[in-house]
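Worksheet for the structure shown next.
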Amino acid sequence: MVMSKAIMGAFLTSQVLLVLILAGCGATFDYEALRRQESEGDHFTAALSREYKAFALYEADSMYDWPDAAHFGDKAMRSARGVVALPERIADWRLPTAEVGAISAARVRLIAVLDGGARRRSPATAALAQARFDCWLEQQEENWQIDHIAHCRDGFGAALAQLEEAGLAAAAPVHPAVYDRGDEKNQ
């Protein structure tokens with residue numbers, strides 16, 4: 001009897017640990033709900049939701065990167081509800097030291113165009129710029145798929161250039177440390 005209680009206790013403990021491990025790696029995220037989600041409209045949060053959805057499903061289906069897929073899937077779901085998800089914070093990613101300066105400067109420029117009216121005046125391009133920026137961070141953290149890093153970085157750069165050429169940069173960009181993973185409600 002004592003032995004069966006010990007075995008049962010060990011079994012239950014292992015099951016709890018397995019659930020915690022799976023939850024931490026994105027295995028519990030509802031990818032089917034994400035697939036069914038439709039973000040209609042041409043406003044920023046709808047466009048951002050579509051961009052994050054595509055990125056999250058690519059990470060899940062092609063790269064099997066469940067933690068990042070779940071993270072960006074969550075951003076897609078929140079954006080679909082009208083929540084303005086902010087660009088990723090550099091400090092939240094383990095980036096190669098040599099890349100931090102360029103990525104930090106790029107984030108400052110991105111925040112400047114977003115705050116300068118790009119979300120309202122050019123929502124699809126602004127959403128593309130933000131999603132590609134976040135993709136760049138995610139790929140740069142992994143730091144091994146050079147073509148994926150270049151795709152995200154170059155896509156970000158092209159979208160950002162369009163926004164800057166349209167004169168959408170704010171007069172005084174906000175320092176990136178001001179933003180965190182919190183969200184702002186869509187205006």
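In the structure tokens, chains take letters A, B, ... by order of appearance, with residues numbered from 1 within each chain and ligands from 1 in the order shown.
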
Could you list, as a ChimeraX atom specification, every residue within 12 Å of Ala33 (chain A), counting only C-alpha atoms and ignoring same-chain residues fewer than 2 positions away? /A:28-31,35-38,53,57,70,73-74,76-77,80

Region 137-141 of chain A: which residues within 6 Å, counting only C-alpha atoms, same-chain residues fewer than 5 positions away excluded, as an MDAnalysis selection string? chainID A and resid 94:95 149

Selection export as a PDB file, in the first residue's frame, atoms kept: all heavy atoms:
ATOM      1  N   ARG A  94      17.447  37.840 -26.543  1.00  0.00           N
ATOM      2  CA  ARG A  94      18.883  37.571 -26.385  1.00  0.00           C
ATOM      3  C   ARG A  94      19.567  37.744 -27.744  1.00  0.00           C
ATOM      4  O   ARG A  94      19.787  36.779 -28.475  1.00  0.00           O
ATOM      5  CB  ARG A  94      19.095  36.154 -25.843  1.00  0.00           C
ATOM      6  CG  ARG A  94      18.566  35.963 -24.438  1.00  0.00           C
ATOM      7  CD  ARG A  94      18.736  34.519 -23.956  1.00  0.00           C
ATOM      8  NE  ARG A  94      18.169  33.546 -24.891  1.00  0.00           N
ATOM      9  CZ  ARG A  94      16.925  33.078 -24.860  1.00  0.00           C
ATOM     10  NH1 ARG A  94      16.090  33.489 -23.937  1.00  0.00           N
ATOM     11  NH2 ARG A  94      16.509  32.193 -25.749  1.00  0.00           N
ATOM     12  N   LEU A  95      19.878  38.977 -28.042  1.00  0.00           N
ATOM     13  CA  LEU A  95      20.447  39.310 -29.344  1.00  0.00           C
ATOM     14  C   LEU A  95      21.973  39.315 -29.285  1.00  0.00           C
ATOM     15  O   LEU A  95      22.555  39.644 -28.245  1.00  0.00           O
ATOM     16  CB  LEU A  95      19.955  40.689 -29.782  1.00  0.00           C
ATOM     17  CG  LEU A  95      18.444  40.842 -29.927  1.00  0.00           C
ATOM     18  CD1 LEU A  95      18.080  42.296 -30.168  1.00  0.00           C
ATOM     19  CD2 LEU A  95      17.936  39.956 -31.049  1.00  0.00           C
ATOM     20  N   ILE A 149      16.843  35.998 -41.483  1.00  0.00           N
ATOM     21  CA  ILE A 149      17.186  37.285 -40.857  1.00  0.00           C
ATOM     22  C   ILE A 149      17.114  38.390 -41.911  1.00  0.00           C
ATOM     23  O   ILE A 149      16.494  39.435 -41.693  1.00  0.00           O
ATOM     24  CB  ILE A 149      18.587  37.236 -40.211  1.00  0.00           C
ATOM     25  CG1 ILE A 149      18.617  36.242 -39.044  1.00  0.00           C
ATOM     26  CG2 ILE A 149      19.026  38.637 -39.742  1.00  0.00           C
ATOM     27  CD1 ILE A 149      20.026  35.913 -38.550  1.00  0.00           C
TER      28      ILE A 149
END

Distance in Å - CA of Met63 (chain A) versus CA of Ile103 (chain A): 23.0 Å

Selection near Gln162 (chain A), 12 Å with only C-alpha atoms, sequence-local residues under 5 positions removed, as a PyMOL selection string: chain A and resi 110+113+118+122-126+128-129+155-157+167-169

Those residues you just picked out, can you put them in a file as an mmCIF file, in the first residue's frame with N, CA, C and O atoms?
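So the final result, stored in again_30.cif, reads:
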data_model
loop_
_atom_site.group_PDB
_atom_site.id
_atom_site.type_symbol
_atom_site.label_atom_id
_atom_site.label_comp_id
_atom_site.auth_asym_id
_atom_site.auth_seq_id
_atom_site.Cartn_x
_atom_site.Cartn_y
_atom_site.Cartn_z
ATOM 1 N N LEU A 110 11.256 53.199 -36.019
ATOM 2 C CA LEU A 110 9.925 52.607 -36.141
ATOM 3 C C LEU A 110 8.929 53.303 -35.222
ATOM 4 O O LEU A 110 7.829 53.679 -35.644
ATOM 5 N N VAL A 113 7.858 56.693 -36.619
ATOM 6 C CA VAL A 113 6.823 56.723 -37.670
ATOM 7 C C VAL A 113 5.467 56.276 -37.133
ATOM 8 O O VAL A 113 4.437 56.815 -37.546
ATOM 9 N N ALA A 118 1.629 56.985 -38.698
ATOM 10 C CA ALA A 118 1.615 55.894 -39.677
ATOM 11 C C ALA A 118 0.501 54.888 -39.416
ATOM 12 O O ALA A 118 -0.070 54.334 -40.362
ATOM 13 N N SER A 122 -1.216 55.188 -42.884
ATOM 14 C CA SER A 122 -0.710 54.118 -43.752
ATOM 15 C C SER A 122 -0.703 52.802 -42.968
ATOM 16 O O SER A 122 0.351 52.216 -42.725
ATOM 17 N N PRO A 123 -1.890 52.340 -42.561
ATOM 18 C CA PRO A 123 -1.966 51.218 -41.622
ATOM 19 C C PRO A 123 -1.349 49.912 -42.117
ATOM 20 O O PRO A 123 -0.681 49.222 -41.330
ATOM 21 N N ALA A 124 -1.527 49.571 -43.378
ATOM 22 C CA ALA A 124 -0.981 48.297 -43.868
ATOM 23 C C ALA A 124 0.543 48.315 -43.872
ATOM 24 O O ALA A 124 1.188 47.346 -43.450
ATOM 25 N N THR A 125 1.123 49.420 -44.331
ATOM 26 C CA THR A 125 2.583 49.520 -44.363
ATOM 27 C C THR A 125 3.151 49.615 -42.957
ATOM 28 O O THR A 125 4.193 49.026 -42.658
ATOM 29 N N ALA A 126 2.462 50.328 -42.072
ATOM 30 C CA ALA A 126 2.906 50.419 -40.675
ATOM 31 C C ALA A 126 2.867 49.047 -40.005
ATOM 32 O O ALA A 126 3.796 48.669 -39.273
ATOM 33 N N LEU A 128 3.059 46.127 -41.526
ATOM 34 C CA LEU A 128 4.124 45.333 -42.127
ATOM 35 C C LEU A 128 5.477 45.690 -41.504
ATOM 36 O O LEU A 128 6.263 44.796 -41.160
ATOM 37 N N ALA A 129 5.741 46.984 -41.351
ATOM 38 C CA ALA A 129 7.012 47.413 -40.749
ATOM 39 C C ALA A 129 7.155 46.851 -39.333
ATOM 40 O O ALA A 129 8.208 46.317 -38.974
ATOM 41 N N GLY A 155 12.640 43.415 -45.273
ATOM 42 C CA GLY A 155 11.215 43.751 -45.358
ATOM 43 C C GLY A 155 10.863 44.904 -44.440
ATOM 44 O O GLY A 155 10.095 45.806 -44.806
ATOM 45 N N PHE A 156 11.435 44.867 -43.246
ATOM 46 C CA PHE A 156 11.254 45.979 -42.304
ATOM 47 C C PHE A 156 11.810 47.271 -42.907
ATOM 48 O O PHE A 156 11.146 48.310 -42.917
ATOM 49 N N GLY A 157 13.046 47.203 -43.411
ATOM 50 C CA GLY A 157 13.695 48.397 -43.956
ATOM 51 C C GLY A 157 12.920 49.018 -45.101
ATOM 52 O O GLY A 157 12.786 50.242 -45.180
ATOM 53 N N GLY A 167 6.846 61.110 -44.919
ATOM 54 C CA GLY A 167 6.891 62.151 -43.902
ATOM 55 C C GLY A 167 6.152 61.802 -42.629
ATOM 56 O O GLY A 167 5.620 62.687 -41.958
ATOM 57 N N LEU A 168 6.131 60.531 -42.273
ATOM 58 C CA LEU A 168 5.363 60.106 -41.104
ATOM 59 C C LEU A 168 6.178 59.999 -39.816
ATOM 60 O O LEU A 168 5.659 59.545 -38.810
ATOM 61 N N ALA A 169 7.417 60.395 -39.833
ATOM 62 C CA ALA A 169 8.224 60.326 -38.614
ATOM 63 C C ALA A 169 7.825 61.439 -37.657
ATOM 64 O O ALA A 169 7.649 62.583 -38.051
#

Give me the residues within 7 Å of Thr45 (chain A) as a PyMOL selection string, counting only C-alpha atoms and dropping any in the same chain fewer than 3 places off. chain A and resi 48-49+79-80+82-84

Residue among A:Tyr52, A:His71, A:Glu32, A:Ala85 lying closest to Arg119 (chain A), counting only C-alpha atoms: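 Distance minimum relative to Arg119 (chain A) lands on A:Ala85.
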
Mind checking which residues fall within 9 Å of Glu40 (chain A), counting only C-alpha atoms, ignoring those fewer than 6 positions away in the same chain, and posting them as a ChimeraX atom specification? /A:46-47,50,80

Writing out the chosen residues with N, CA and C atoms as a PDB file, in the first residue's frame:
ATOM      1  N   ALA A  46      -6.200  45.568 -37.504  1.00  0.00           N
ATOM      2  CA  ALA A  46      -6.583  44.444 -38.376  1.00  0.00           C
ATOM      3  C   ALA A  46      -5.400  44.028 -39.240  1.00  0.00           C
ATOM      4  N   ALA A  47      -4.715  44.999 -39.819  1.00  0.00           N
ATOM      5  CA  ALA A  47      -3.552  44.704 -40.648  1.00  0.00           C
ATOM      6  C   ALA A  47      -2.444  44.061 -39.808  1.00  0.00           C
ATOM      7  N   ARG A  50      -3.269  40.419 -39.083  1.00  0.00           N
ATOM      8  CA  ARG A  50      -2.997  39.546 -40.234  1.00  0.00           C
ATOM      9  C   ARG A  50      -1.504  39.266 -40.375  1.00  0.00           C
ATOM     10  N   ALA A  80      -6.408  41.547 -33.194  1.00  0.00           N
ATOM     11  CA  ALA A  80      -7.725  41.322 -33.804  1.00  0.00           C
ATOM     12  C   ALA A  80      -8.843  41.885 -32.933  1.00  0.00           C
TER      13      ALA A  80
END

In region 112-177 of chain A, what's helix (DSSP H, G or I) per DSSP? Answer as a VMD selection string? chain A and resid 112 to 121 123 to 142 146 to 165 176 to 177
